[in-house]
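Text of the file model_34.txt, holding compact mmCIF, C-alpha atoms and all ligand atoms:
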# COMPACT_ATOMS: atom_id res chain seq x y z
CA MET V 1129 0.00 0.00 0.00
CA SER V 1130 1.54 3.31 -1.05
CA PHE V 1131 0.20 6.70 0.00
CA PRO V 1132 -0.60 9.46 -2.53
CA GLU V 1133 2.35 11.83 -2.94
CA VAL V 1134 0.10 14.68 -3.96
CA ARG V 1135 -2.98 15.40 -1.90
CA LEU V 1136 -5.08 17.93 -3.83
CA ARG V 1137 -7.97 17.49 -1.42
CA ARG V 1138 -5.93 19.33 1.25
CA LEU V 1139 -6.99 22.57 -0.45
CA ARG V 1140 -10.67 21.66 -0.23
CA GLN V 1141 -10.97 20.57 3.41
CA SER V 1142 -13.10 23.42 4.79
CA PRO V 1143 -15.05 26.48 3.70
CA ALA V 1144 -12.31 28.68 5.15
CA VAL V 1145 -9.52 26.97 3.20
CA ARG V 1146 -11.59 26.91 0.03
CA GLY V 1147 -12.27 30.61 0.47
CA LEU V 1148 -8.56 31.34 0.80
CA VAL V 1149 -7.63 29.50 -2.39
CA ARG V 1150 -10.56 30.42 -4.63
CA GLU V 1151 -9.09 31.88 -7.81
CA THR V 1152 -12.09 33.81 -9.09
CA SER V 1153 -14.16 36.42 -7.32
CA LEU V 1154 -17.61 37.74 -8.05
CA GLU V 1155 -18.52 41.17 -6.76
CA PRO V 1156 -21.59 43.39 -7.25
CA ARG V 1157 -19.49 46.03 -9.05
CA GLN V 1158 -18.68 43.44 -11.72
CA LEU V 1159 -22.34 43.12 -12.72
CA VAL V 1160 -24.37 45.25 -15.14
CA LEU V 1161 -28.18 45.08 -15.28
CA PRO V 1162 -29.88 45.30 -18.70
CA LEU V 1163 -33.19 47.19 -18.51
CA PHE V 1164 -36.06 47.60 -20.97
CA VAL V 1165 -38.10 50.80 -21.09
CA ARG V 1166 -41.25 50.93 -23.18
CA GLU V 1167 -42.88 54.04 -24.53
CA GLY V 1168 -46.44 54.78 -23.50
CA ILE V 1169 -47.04 52.33 -20.67
CA ALA V 1170 -47.96 53.31 -17.13
CA GLU V 1171 -47.24 49.97 -15.43
CA PRO V 1172 -44.42 47.45 -15.98
CA SER V 1173 -45.32 44.81 -18.56
CA PRO V 1174 -43.98 41.29 -17.76
CA ILE V 1175 -41.99 39.42 -20.44
CA GLY V 1176 -43.44 35.91 -20.64
CA SER V 1177 -40.26 34.13 -21.70
CA MET V 1178 -38.17 35.92 -19.06
CA PRO V 1179 -39.97 35.37 -15.74
CA GLY V 1180 -39.01 38.15 -13.33
CA VAL V 1181 -38.04 40.59 -16.12
CA ALA V 1182 -40.37 43.31 -17.42
CA GLN V 1183 -40.61 46.14 -19.89
CA HIS V 1184 -40.62 49.22 -17.67
CA SER V 1185 -42.52 52.46 -17.65
CA LEU V 1186 -40.39 55.56 -17.06
CA ASP V 1187 -41.57 55.49 -13.49
CA SER V 1188 -40.91 51.83 -12.68
CA LEU V 1189 -37.55 52.16 -14.47
CA ARG V 1190 -36.42 54.68 -11.89
CA GLY V 1191 -37.31 52.24 -9.13
CA VAL V 1192 -35.39 49.26 -10.48
CA ALA V 1193 -32.35 51.38 -11.33
CA THR V 1194 -32.30 52.73 -7.78
CA GLU V 1195 -32.53 49.19 -6.40
CA ALA V 1196 -29.59 48.17 -8.60
CA ALA V 1197 -27.53 51.11 -7.34
CA GLU V 1198 -28.37 50.28 -3.73
CA ALA V 1199 -27.28 46.67 -4.27
CA GLY V 1200 -23.91 47.91 -5.52
CA VAL V 1201 -24.36 46.89 -9.17
CA GLY V 1202 -21.77 48.55 -11.43
CA GLY V 1203 -24.08 49.79 -14.15
CA VAL V 1204 -27.36 49.57 -16.00
CA MET V 1205 -27.66 49.03 -19.77
CA LEU V 1206 -30.80 50.57 -21.23
CA PHE V 1207 -32.81 49.27 -24.18
CA GLY V 1208 -35.73 51.27 -25.58
CA VAL V 1209 -38.99 49.92 -26.97
CA PRO V 1210 -40.64 52.69 -29.04
CA ALA V 1211 -44.36 52.98 -29.83
CA VAL V 1212 -43.72 53.75 -33.51
CA ARG V 1213 -41.07 52.41 -35.89
CA ASP V 1214 -39.90 53.33 -39.38
CA ALA V 1215 -37.35 52.24 -41.97
CA GLN V 1216 -34.60 54.59 -40.72
CA GLY V 1217 -35.20 54.00 -37.01
CA SER V 1218 -35.93 57.69 -36.47
CA GLY V 1219 -36.81 57.19 -32.81
CA ALA V 1220 -33.20 56.25 -32.08
CA ASP V 1221 -31.65 59.70 -32.49
CA ASP V 1222 -34.73 61.77 -31.66
CA PRO V 1223 -34.01 63.54 -28.34
CA LYS V 1224 -37.66 62.83 -27.48
CA GLY V 1225 -37.28 59.13 -28.36
CA ILE V 1226 -37.99 56.78 -25.46
CA LEU V 1227 -34.41 55.59 -25.04
CA ASN V 1228 -33.01 59.11 -24.90
CA VAL V 1229 -35.72 60.37 -22.55
CA ALA V 1230 -35.18 57.39 -20.24
CA THR V 1231 -31.42 57.97 -20.31
CA GLU V 1232 -31.92 61.54 -19.12
CA VAL V 1233 -34.14 60.29 -16.31
CA LEU V 1234 -31.62 57.66 -15.18
CA ALA V 1235 -28.59 59.91 -15.51
CA ALA V 1236 -30.28 62.32 -13.09
CA GLU V 1237 -31.52 59.56 -10.76
CA VAL V 1238 -28.57 57.15 -10.47
CA GLY V 1239 -25.81 58.63 -12.67
CA ASP V 1240 -23.53 59.26 -9.70
CA ALA V 1241 -24.01 55.83 -8.10
CA LEU V 1242 -23.43 53.64 -11.16
CA VAL V 1243 -22.56 53.88 -14.85
CA VAL V 1244 -25.61 54.64 -17.01
CA GLN V 1245 -25.21 52.83 -20.33
CA THR V 1246 -27.27 52.69 -23.53
CA ASP V 1247 -27.65 50.14 -26.29
CA LEU V 1248 -26.58 51.69 -29.58
CA CYS V 1249 -28.32 49.76 -32.34
CA LEU V 1250 -31.23 50.42 -34.67
CA ASP V 1251 -33.10 47.12 -34.39
CA GLU V 1252 -35.58 48.23 -31.74
CA PHE V 1253 -36.41 51.32 -33.81
CA THR V 1254 -36.71 49.97 -37.35
CA ASP V 1255 -39.95 48.60 -38.78
CA HIS V 1256 -38.01 45.78 -40.46
CA GLY V 1257 -36.16 44.88 -37.26
CA HIS V 1258 -32.63 44.90 -38.68
CA CYS V 1259 -29.74 46.49 -36.82
CA GLY V 1260 -29.09 48.88 -39.72
CA VAL V 1261 -30.83 50.62 -42.59
CA LEU V 1262 -31.55 48.71 -45.78
CA ALA V 1263 -30.24 49.23 -49.31
CA ALA V 1264 -32.58 49.12 -52.31
CA ASP V 1265 -31.98 45.38 -52.70
CA GLY V 1266 -33.03 44.70 -49.10
CA SER V 1267 -29.54 44.04 -47.76
CA VAL V 1268 -28.26 45.83 -44.64
CA ASP V 1269 -26.26 48.85 -45.84
CA ASN V 1270 -23.12 49.05 -43.70
CA ASP V 1271 -21.92 52.56 -44.48
CA ALA V 1272 -25.36 54.21 -44.54
CA THR V 1273 -25.94 52.62 -41.13
CA LEU V 1274 -22.72 54.16 -39.77
CA GLU V 1275 -24.16 57.64 -40.38
CA ARG V 1276 -27.25 56.70 -38.37
CA TYR V 1277 -25.08 55.28 -35.58
CA ALA V 1278 -23.02 58.49 -35.38
CA SER V 1279 -26.20 60.51 -34.99
CA MET V 1280 -27.56 58.05 -32.42
CA ALA V 1281 -24.31 58.23 -30.45
CA LEU V 1282 -24.55 62.02 -30.20
CA ALA V 1283 -28.19 61.84 -29.09
CA GLN V 1284 -27.30 59.33 -26.37
CA ALA V 1285 -24.28 61.28 -25.16
CA ARG V 1286 -26.35 64.47 -25.03
CA ALA V 1287 -28.99 62.61 -23.00
CA GLY V 1288 -26.31 61.74 -20.44
CA SER V 1289 -25.28 58.20 -21.32
CA GLN V 1290 -21.82 57.53 -19.91
CA LEU V 1291 -21.16 54.38 -21.94
CA LEU V 1292 -22.46 53.39 -25.36
CA GLY V 1293 -22.99 49.69 -26.08
CA LEU V 1294 -22.27 49.24 -29.80
CA SER V 1295 -24.25 46.09 -30.53
CA GLY V 1296 -25.00 46.46 -34.25
CA MET V 1297 -22.01 44.57 -35.69
CA MET V 1298 -21.40 47.02 -38.56
CA ASP V 1299 -17.80 47.31 -39.80
CA GLY V 1300 -16.10 50.53 -38.74
CA GLN V 1301 -18.72 51.46 -36.14
CA VAL V 1302 -16.25 52.06 -33.32
CA ALA V 1303 -14.03 54.44 -35.30
CA VAL V 1304 -16.94 56.40 -36.79
CA ILE V 1305 -18.69 56.83 -33.44
CA ARG V 1306 -15.49 57.81 -31.62
CA GLN V 1307 -14.79 60.46 -34.23
CA ALA V 1308 -18.34 61.84 -34.10
CA LEU V 1309 -18.27 62.04 -30.29
CA ASP V 1310 -14.83 63.64 -30.10
CA ALA V 1311 -15.78 66.26 -32.71
CA GLU V 1312 -18.64 67.39 -30.45
CA GLY V 1313 -16.54 67.37 -27.29
CA PHE V 1314 -17.80 64.06 -25.84
CA THR V 1315 -14.28 62.78 -25.28
CA ASP V 1316 -15.20 61.07 -22.00
CA THR V 1317 -18.05 58.94 -23.35
CA LEU V 1318 -16.99 55.30 -23.07
CA LEU V 1319 -17.38 52.86 -25.95
CA LEU V 1320 -18.19 49.21 -25.33
CA ALA V 1321 -17.86 47.30 -28.59
CA TYR V 1322 -19.91 44.13 -28.93
CA ALA V 1323 -16.90 42.83 -30.73
CA ALA V 1324 -17.71 39.16 -30.91
CA LYS V 1325 -21.48 39.03 -31.14
CA TYR V 1326 -22.68 35.73 -32.55
CA ALA V 1327 -25.83 35.04 -34.57
CA SER V 1328 -27.28 33.05 -31.69
CA ALA V 1329 -30.49 31.18 -31.00
CA PHE V 1330 -30.13 32.24 -27.36
CA TYR V 1331 -31.45 35.74 -28.14
CA GLY V 1332 -34.98 34.32 -28.55
CA PRO V 1333 -36.61 35.78 -25.42
CA PHE V 1334 -34.97 39.19 -26.03
CA ARG V 1335 -36.85 39.49 -29.31
CA GLU V 1336 -40.08 39.30 -27.28
CA ALA V 1337 -38.65 41.77 -24.78
CA VAL V 1338 -38.16 44.44 -27.44
CA ASP V 1339 -41.14 43.45 -29.66
CA SER V 1340 -38.68 42.70 -32.44
CA GLN V 1341 -40.06 43.12 -35.96
CA LEU V 1342 -37.32 40.96 -37.49
CA LYS V 1343 -38.16 38.35 -40.09
CA GLY V 1344 -35.24 36.24 -41.15
CA ASP V 1345 -31.93 36.47 -39.33
CA ARG V 1346 -28.81 38.57 -38.76
CA ARG V 1347 -26.28 36.19 -40.29
CA THR V 1348 -24.84 38.76 -42.71
CA TYR V 1349 -23.56 40.85 -39.80
CA GLN V 1350 -23.42 38.76 -36.61
CA LEU V 1351 -20.73 36.08 -36.32
CA ASP V 1352 -21.15 32.44 -37.28
CA PRO V 1353 -21.20 30.35 -34.04
CA GLY V 1354 -18.57 28.05 -35.50
CA ASN V 1355 -15.89 30.73 -35.64
CA ARG V 1356 -13.49 31.39 -32.79
CA ARG V 1357 -10.58 32.98 -34.66
CA GLU V 1358 -12.92 35.41 -36.35
CA GLY V 1359 -14.37 36.42 -32.97
CA VAL V 1360 -10.89 37.20 -31.65
CA ARG V 1361 -10.13 39.17 -34.82
CA GLU V 1362 -13.26 41.28 -34.30
CA ALA V 1363 -12.05 42.14 -30.80
CA VAL V 1364 -8.58 43.07 -32.04
CA VAL V 1365 -9.99 45.33 -34.77
CA ASP V 1366 -12.35 47.03 -32.30
CA GLU V 1367 -9.47 47.66 -29.90
CA GLN V 1368 -7.49 49.23 -32.74
CA GLU V 1369 -10.48 51.38 -33.71
CA GLY V 1370 -10.54 52.83 -30.20
CA ALA V 1371 -12.98 50.73 -28.20
CA ASP V 1372 -12.53 51.19 -24.44
CA ILE V 1373 -14.04 47.78 -23.67
CA VAL V 1374 -14.88 44.77 -25.82
CA MET V 1375 -17.69 42.27 -25.36
CA VAL V 1376 -18.29 38.60 -26.11
CA LYS V 1377 -21.94 37.59 -26.50
CA PRO V 1378 -23.66 35.24 -25.66
CA ALA V 1379 -21.58 34.12 -22.69
CA MET V 1380 -21.98 30.46 -21.74
CA ALA V 1381 -21.97 28.95 -25.23
CA PHE V 1382 -18.87 31.03 -26.11
CA LEU V 1383 -16.61 30.73 -23.05
CA ASP V 1384 -13.67 29.61 -25.22
CA VAL V 1385 -13.93 32.78 -27.30
CA LEU V 1386 -14.14 34.80 -24.10
CA ARG V 1387 -10.93 33.26 -22.76
CA GLU V 1388 -9.06 33.81 -25.99
CA VAL V 1389 -10.20 37.41 -26.31
CA ARG V 1390 -9.16 38.05 -22.67
CA ASP V 1391 -5.70 36.63 -23.44
CA THR V 1392 -5.36 38.68 -26.64
CA VAL V 1393 -6.48 42.28 -25.99
CA ASP V 1394 -5.23 44.67 -23.31
CA ILE V 1395 -8.52 46.41 -22.54
CA PRO V 1396 -11.40 45.27 -20.29
CA VAL V 1397 -13.46 42.36 -21.63
CA TRP V 1398 -17.14 42.00 -20.76
CA ALA V 1399 -19.60 39.22 -21.48
CA TYR V 1400 -23.38 39.27 -21.91
CA GLN V 1401 -25.34 36.48 -20.26
CA VAL V 1402 -28.23 36.74 -22.71
CA SER V 1403 -31.96 36.22 -22.47
CA GLY V 1404 -31.90 32.56 -23.51
CA GLU V 1405 -29.30 31.75 -20.85
CA TYR V 1406 -31.56 33.44 -18.31
CA ALA V 1407 -34.68 31.63 -19.55
CA MET V 1408 -33.03 28.20 -19.46
CA ILE V 1409 -31.98 28.45 -15.82
CA GLU V 1410 -35.29 29.99 -14.75
CA ALA V 1411 -37.27 27.27 -16.52
CA ALA V 1412 -35.22 24.42 -15.08
CA ALA V 1413 -35.36 25.95 -11.60
CA ALA V 1414 -39.13 26.48 -11.85
CA ASN V 1415 -39.46 22.76 -12.54
CA GLY V 1416 -37.36 21.92 -9.51
CA TRP V 1417 -34.68 20.39 -11.73
CA ILE V 1418 -31.79 22.60 -10.55
CA ASP V 1419 -31.08 24.77 -7.53
CA ARG V 1420 -31.88 28.26 -8.79
CA ARG V 1421 -29.58 30.35 -6.63
CA ALA V 1422 -26.61 27.98 -6.86
CA SER V 1423 -27.00 27.72 -10.64
CA ILE V 1424 -27.17 31.47 -11.13
CA LEU V 1425 -24.09 32.10 -8.99
CA GLU V 1426 -22.16 29.26 -10.66
CA SER V 1427 -23.03 30.58 -14.12
CA LEU V 1428 -21.83 34.08 -13.24
CA LEU V 1429 -18.66 32.82 -11.56
CA SER V 1430 -17.87 30.62 -14.57
CA ILE V 1431 -18.24 33.52 -16.99
CA ARG V 1432 -15.83 35.50 -14.80
CA ARG V 1433 -13.42 32.54 -14.66
CA ALA V 1434 -13.46 32.26 -18.45
CA GLY V 1435 -12.17 35.82 -18.65
CA ALA V 1436 -14.96 38.37 -18.27
CA ASP V 1437 -14.07 41.35 -16.13
CA VAL V 1438 -17.75 42.31 -15.99
CA VAL V 1439 -20.93 40.36 -16.76
CA LEU V 1440 -24.19 41.79 -18.07
CA SER V 1441 -26.92 39.73 -16.44
CA TYR V 1442 -30.66 40.02 -15.85
CA TRP V 1443 -29.92 38.68 -12.36
CA ALA V 1444 -27.48 41.50 -11.55
CA THR V 1445 -29.43 43.09 -8.69
CA GLU V 1446 -30.54 39.82 -7.11
CA ALA V 1447 -27.05 38.29 -7.37
CA ALA V 1448 -25.48 41.46 -5.95
CA ARG V 1449 -27.77 41.20 -2.92
CA TRP V 1450 -26.78 37.57 -2.37
CA LEU V 1451 -23.10 38.44 -2.66
CA ARG V 1452 -23.45 41.16 -0.08
CA GLY V 1453 -25.07 38.56 2.16
C1 LIG P 1 -29.56 43.78 -30.78
C2 LIG P 1 -29.45 43.06 -29.50
C3 LIG P 1 -29.82 41.74 -29.22
C4 LIG P 1 -29.54 41.50 -27.89
C5 LIG P 1 -29.02 42.66 -27.37
N1 LIG P 1 -28.94 43.61 -28.37
C6 LIG P 1 -30.52 40.72 -29.99
C7 LIG P 1 -30.25 40.43 -31.37
O1 LIG P 1 -29.14 40.59 -31.89
O2 LIG P 1 -31.22 39.98 -31.98
C8 LIG P 1 -29.80 40.21 -27.17
C9 LIG P 1 -29.78 40.27 -25.70
C10 LIG P 1 -30.35 39.08 -25.05
O3 LIG P 1 -30.73 38.09 -25.70
O4 LIG P 1 -30.44 39.11 -23.81
N2 LIG P 1 -29.47 45.16 -30.60
In C-alpha cells, how does this file's structure come out?
Ligand code: PBG
Amino acid sequence: MSFPEVRLRRLRQSPAVRGLVRETSLEPRQLVLPLFVREGIAEPSPIGSMPGVAQHSLDSLRGVATEAAEAGVGGVMLFGVPAVRDAQGSGADDPKGILNVATEVLAAEVGDALVVQTDLCLDEFTDHGHCGVLAADGSVDNDATLERYASMALAQARAGSQLLGLSGMMDGQVAVIRQALDAEGFTDTLLLAYAAKYASAFYGPFREAVDSQLKGDRRTYQLDPGNRREGVREAVVDEQEGADIVMVKPAMAFLDVLREVRDTVDIPVWAYQVSGEYAMIEAAAANGWIDRRASILESLLSIRRAGADVVLSYWATEAARWLRG
C-alpha cells in the first residue's frame, strides 16, 4: 500500500480553506443590469419568456435602477422599446425618443451611483427589425448605417449616457462613433464594442422583450457560431479602432472565445449572459430540476473565470444582494 504523494484534497478541506484558495471572485461592481423601457405604458409589462423581467414604464424604471444602485451593481444598460417604428429607425436619435428620454431620467436619478449605459443599435427602432438601414436590394447597408449610428451616439451622449454599447455589428462602427463624439466634445463617453457578437439562438426571449419586428436572421452581420478565430479578430480590430471595452456575447456557449479574447487584448473584456441563458436556468429551476440560486451564482462565476471582467446579467441586482449577504 503506497500513500498518494500529492494530496489535492488538502486545499478543499473546509469552507475557510476553500475561500482562501478560490481563484475567481464575483462582486456586485462586476455586474451590469440590462433594462427595458417601453414608450407609453404606465405599469411594468412582464416578459413571458423571461420570468421576473419586465418592460418598464419611465416610473418603474427609476425604481429598479435605484434598487440596482443600492445593491452595488456597477451599471445599468438601457434598451428602448418605441411605440412607432420606421425604416430609418428615427426614434433612435430623436431627443424625445424613449431611449433618450429614459437615459436623461436615469442619468439624473442614479448617474452618480453607477454607470448609465445605452444600447446603440437600430433594431428596436426599425420597422423591419434589422440592426441597420436597408439598401434598395433589401440588404443591410453598412456605411449608410454608420451615419445613423453616429447621430444616435450624439443623441445618447447628449442625454447623459456615460457608456455606449455598440451592438450592431457594422464594420467601422467604433471608429466612426469615436470620431463623431470627439468632434462634439464628448471625449469622456466610453465605448463598449460588442466585438464578438454571434448570430445566436439564445437571443430568442430578447426578441419578445423588445417586440422585435425581425423576419429572417442577422447572419450577414453577426458572427457564425462556429468561428473562434474570427471572434478574436473582431475584438482586435475594435481595440485598434478605439474601443474602451470589448464584449463577447452570448456568454456560456462562447466561453472559449471569451478566454481567448481576454488573453489577446489589453482592454477590459465583458460578457453578456443573454436572455436565452436566463430563460433556461429559470425554466429548469421552476421545474425543480436545478437549484436556482446555486446555478445562477455558478453561471456568473464561470463567466468570470473564463475571462470576463464584468458580466451583463438580468440577475445582476438579485445576485449582488446575495453576494453582499
Ligand atoms: C440587438 C441586441 C440583441 C440583444 C441585445 N442587443 C438581440 C439580437 O441581436 O437579436 C440580445 C440580448 C439578449 O438576448 O439578452 N441590438
Closest-contact table, chain V side, partner ligand LIG 1 (chain P), 6 Å, counting all atoms listed in the file, as CSV:
residue,atom,partner,partner_atom,distance
V:Cys1249,CA,P:LIG1,N2,5.1
V:Asp1251,CA,P:LIG1,N2,5.6
V:Ser1295,CA,P:LIG1,N2,5.3
V:Gly1296,CA,P:LIG1,N2,5.9
V:Tyr1331,CA,P:LIG1,O3,3.5
V:Phe1334,CA,P:LIG1,O3,4.4
V:Val1402,CA,P:LIG1,O4,3.4
V:Ser1403,CA,P:LIG1,O4,3.5
Atomic distance atom CA of Gly1293 of chain V - atom CA of Arg1190 of chain V, expressed in Å with one decimal | 20.2 Å
Can you pull out the residues contacting segment 1224-1236 of chain V? Cut-off 6 Å, using all atoms listed in the file, and skip same-chain residues under 6 positions away; I want them as a CSV table (one decimal) with C-alpha atoms, in the frame of the given file.
chain,number,residue,atom,x,y,z
V,1167,GLU,CA,-42.9,54.0,-24.5
V,1208,GLY,CA,-35.7,51.3,-25.6
V,1284,GLN,CA,-27.3,59.3,-26.4
V,1287,ALA,CA,-29.0,62.6,-23.0
V,1288,GLY,CA,-26.3,61.7,-20.4
Best match for closeness to Arg1150 of chain V among V:Arg1433, V:Arg1449, V:Arg1135, V:Lys1377, counting all atoms listed in the file | V:Arg1433
Dump as a count of residues only all residues having an atom at most 6 Å from (-23.1, 50.5, -25.5), computed in the file's coordinates with all atoms listed in the file.
-> 8
Tell me which residues come within 9 Å of (-24.5, 30.5, -15.2), as a PDB file with C-alpha atoms, in the frame of the given file, counting only C-alpha atoms in the file's coordinates.
ATOM      1  CA  ALA V1379     -21.580  34.120 -22.690  1.00  0.00           C
ATOM      2  CA  MET V1380     -21.980  30.460 -21.740  1.00  0.00           C
ATOM      3  CA  GLN V1401     -25.340  36.480 -20.260  1.00  0.00           C
ATOM      4  CA  GLU V1405     -29.300  31.750 -20.850  1.00  0.00           C
ATOM      5  CA  TYR V1406     -31.560  33.440 -18.310  1.00  0.00           C
ATOM      6  CA  ILE V1409     -31.980  28.450 -15.820  1.00  0.00           C
ATOM      7  CA  ALA V1422     -26.610  27.980  -6.860  1.00  0.00           C
ATOM      8  CA  SER V1423     -27.000  27.720 -10.640  1.00  0.00           C
ATOM      9  CA  ILE V1424     -27.170  31.470 -11.130  1.00  0.00           C
ATOM     10  CA  LEU V1425     -24.090  32.100  -8.990  1.00  0.00           C
ATOM     11  CA  GLU V1426     -22.160  29.260 -10.660  1.00  0.00           C
ATOM     12  CA  SER V1427     -23.030  30.580 -14.120  1.00  0.00           C
ATOM     13  CA  LEU V1428     -21.830  34.080 -13.240  1.00  0.00           C
ATOM     14  CA  LEU V1429     -18.660  32.820 -11.560  1.00  0.00           C
ATOM     15  CA  SER V1430     -17.870  30.620 -14.570  1.00  0.00           C
ATOM     16  CA  ILE V1431     -18.240  33.520 -16.990  1.00  0.00           C
TER      17      ILE V1431
END
Enter the distance from atom CA of Asp1352 of chain V to atom CA of Val1385 of chain V, in Å, rounded to one decimal.
->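 Atom CA of Asp1352 of chain V sits 12.3 Å away from atom CA of Val1385 of chain V.
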Using all atoms listed in the file, which residues sit within 10 Å of Val1338 of chain V once same-chain residues fewer than 4 positions away are excluded, as an MDAnalysis selection string?
-> chainID V and resid 1164:1166 1175 1183 1207:1210 1251:1253 1333:1334
Output the selection as a CSV table (one decimal), in the frame of the given file - C-alpha atoms for each residue.
chain,number,residue,atom,x,y,z
V,1164,PHE,CA,-36.1,47.6,-21.0
V,1165,VAL,CA,-38.1,50.8,-21.1
V,1166,ARG,CA,-41.2,50.9,-23.2
V,1175,ILE,CA,-42.0,39.4,-20.4
V,1183,GLN,CA,-40.6,46.1,-19.9
V,1207,PHE,CA,-32.8,49.3,-24.2
V,1208,GLY,CA,-35.7,51.3,-25.6
V,1209,VAL,CA,-39.0,49.9,-27.0
V,1210,PRO,CA,-40.6,52.7,-29.0
V,1251,ASP,CA,-33.1,47.1,-34.4
V,1252,GLU,CA,-35.6,48.2,-31.7
V,1253,PHE,CA,-36.4,51.3,-33.8
V,1333,PRO,CA,-36.6,35.8,-25.4
V,1334,PHE,CA,-35.0,39.2,-26.0
Nearest to Leu1242 of chain V: which of V:Arg1347, V:Arg1157, V:Arg1387, V:Arg1357 is it, counting all atoms listed in the file?
->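 Using all atoms listed in the file, Leu1242 of chain V sits closest to V:Arg1157.
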Go ahead and compute the interatomic distance for atom CA of Lys1343 of chain V and atom CA of Asp1299 of chain V, in Å to one decimal.
-> 22.2 Å
Near Ile1395 of chain V, counting all atoms listed in the file, which residues have an atom at most 12 Å away, once you skip same-chain residues fewer than 6 positions from it, shown as JSON, numbers by chain?
-> {"V": [1319, 1320, 1321, 1363, 1364, 1366, 1367, 1368, 1370, 1371, 1372, 1373, 1374, 1375, 1389, 1435, 1436, 1437]}
Looking at all atoms listed in the file, which of V:Tyr1349, V:Tyr1322, V:Phe1314, V:Tyr1400 is the one that sits closest to Val1302 of chain V?
->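 Ranked by minimum distance to Val1302 of chain V, first place goes to V:Tyr1322.
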For Val1201 of chain V, list every protein, DNA or RNA residue within 8 Å, evaluated using all atoms listed in the file, and leave out those in the same chain fewer than 4 positions away; present the list as a CSV table (one decimal) with C-alpha atoms, keeping the file's coordinate frame.
chain,number,residue,atom,x,y,z
V,1156,PRO,CA,-21.6,43.4,-7.2
V,1157,ARG,CA,-19.5,46.0,-9.0
V,1158,GLN,CA,-18.7,43.4,-11.7
V,1159,LEU,CA,-22.3,43.1,-12.7
V,1160,VAL,CA,-24.4,45.2,-15.1
V,1161,LEU,CA,-28.2,45.1,-15.3
V,1196,ALA,CA,-29.6,48.2,-8.6
V,1197,ALA,CA,-27.5,51.1,-7.3
V,1242,LEU,CA,-23.4,53.6,-11.2
V,1444,ALA,CA,-27.5,41.5,-11.6
V,1445,THR,CA,-29.4,43.1,-8.7
V,1448,ALA,CA,-25.5,41.5,-6.0
Which neighbours of Gln1350 of chain V fall inside 7 Å, counting all atoms listed in the file, when residues of the same chain fewer than 2 positions from it are skipped, and could you give them as a compact mmCIF listing (two decimals) with C-alpha atoms, in the frame of the given file?
# COMPACT_ATOMS: atom_id res chain seq x y z
CA MET V 1297 -22.01 44.57 -35.69
CA LYS V 1325 -21.48 39.03 -31.14
CA TYR V 1326 -22.68 35.73 -32.55
CA ALA V 1327 -25.83 35.04 -34.57
CA ARG V 1346 -28.81 38.57 -38.76
CA ARG V 1347 -26.28 36.19 -40.29
CA THR V 1348 -24.84 38.76 -42.71
CA ASP V 1352 -21.15 32.44 -37.28
Which residue out of V:Asp1240, V:Asp1222, V:Asp1265, V:Asp1255 has the minimum interatomic distance to Gln1290 of chain V when all atoms listed in the file are used?
-> V:Asp1240
In terms of the shortest atom-to-atom distance over only C-alpha atoms, which of V:Gln1341, V:Gly1300, V:Gln1307, V:Glu1155 is closest to Val1365 of chain V?
->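 So, comparing all the options, the nearest one is V:Gly1300.
When only C-alpha atoms are used to measure the gap to Glu1195 of chain V, the shortest distance among V:Leu1342, V:Ala1241, V:Ala1413, V:Ile1169 belongs to V:Ala1241.
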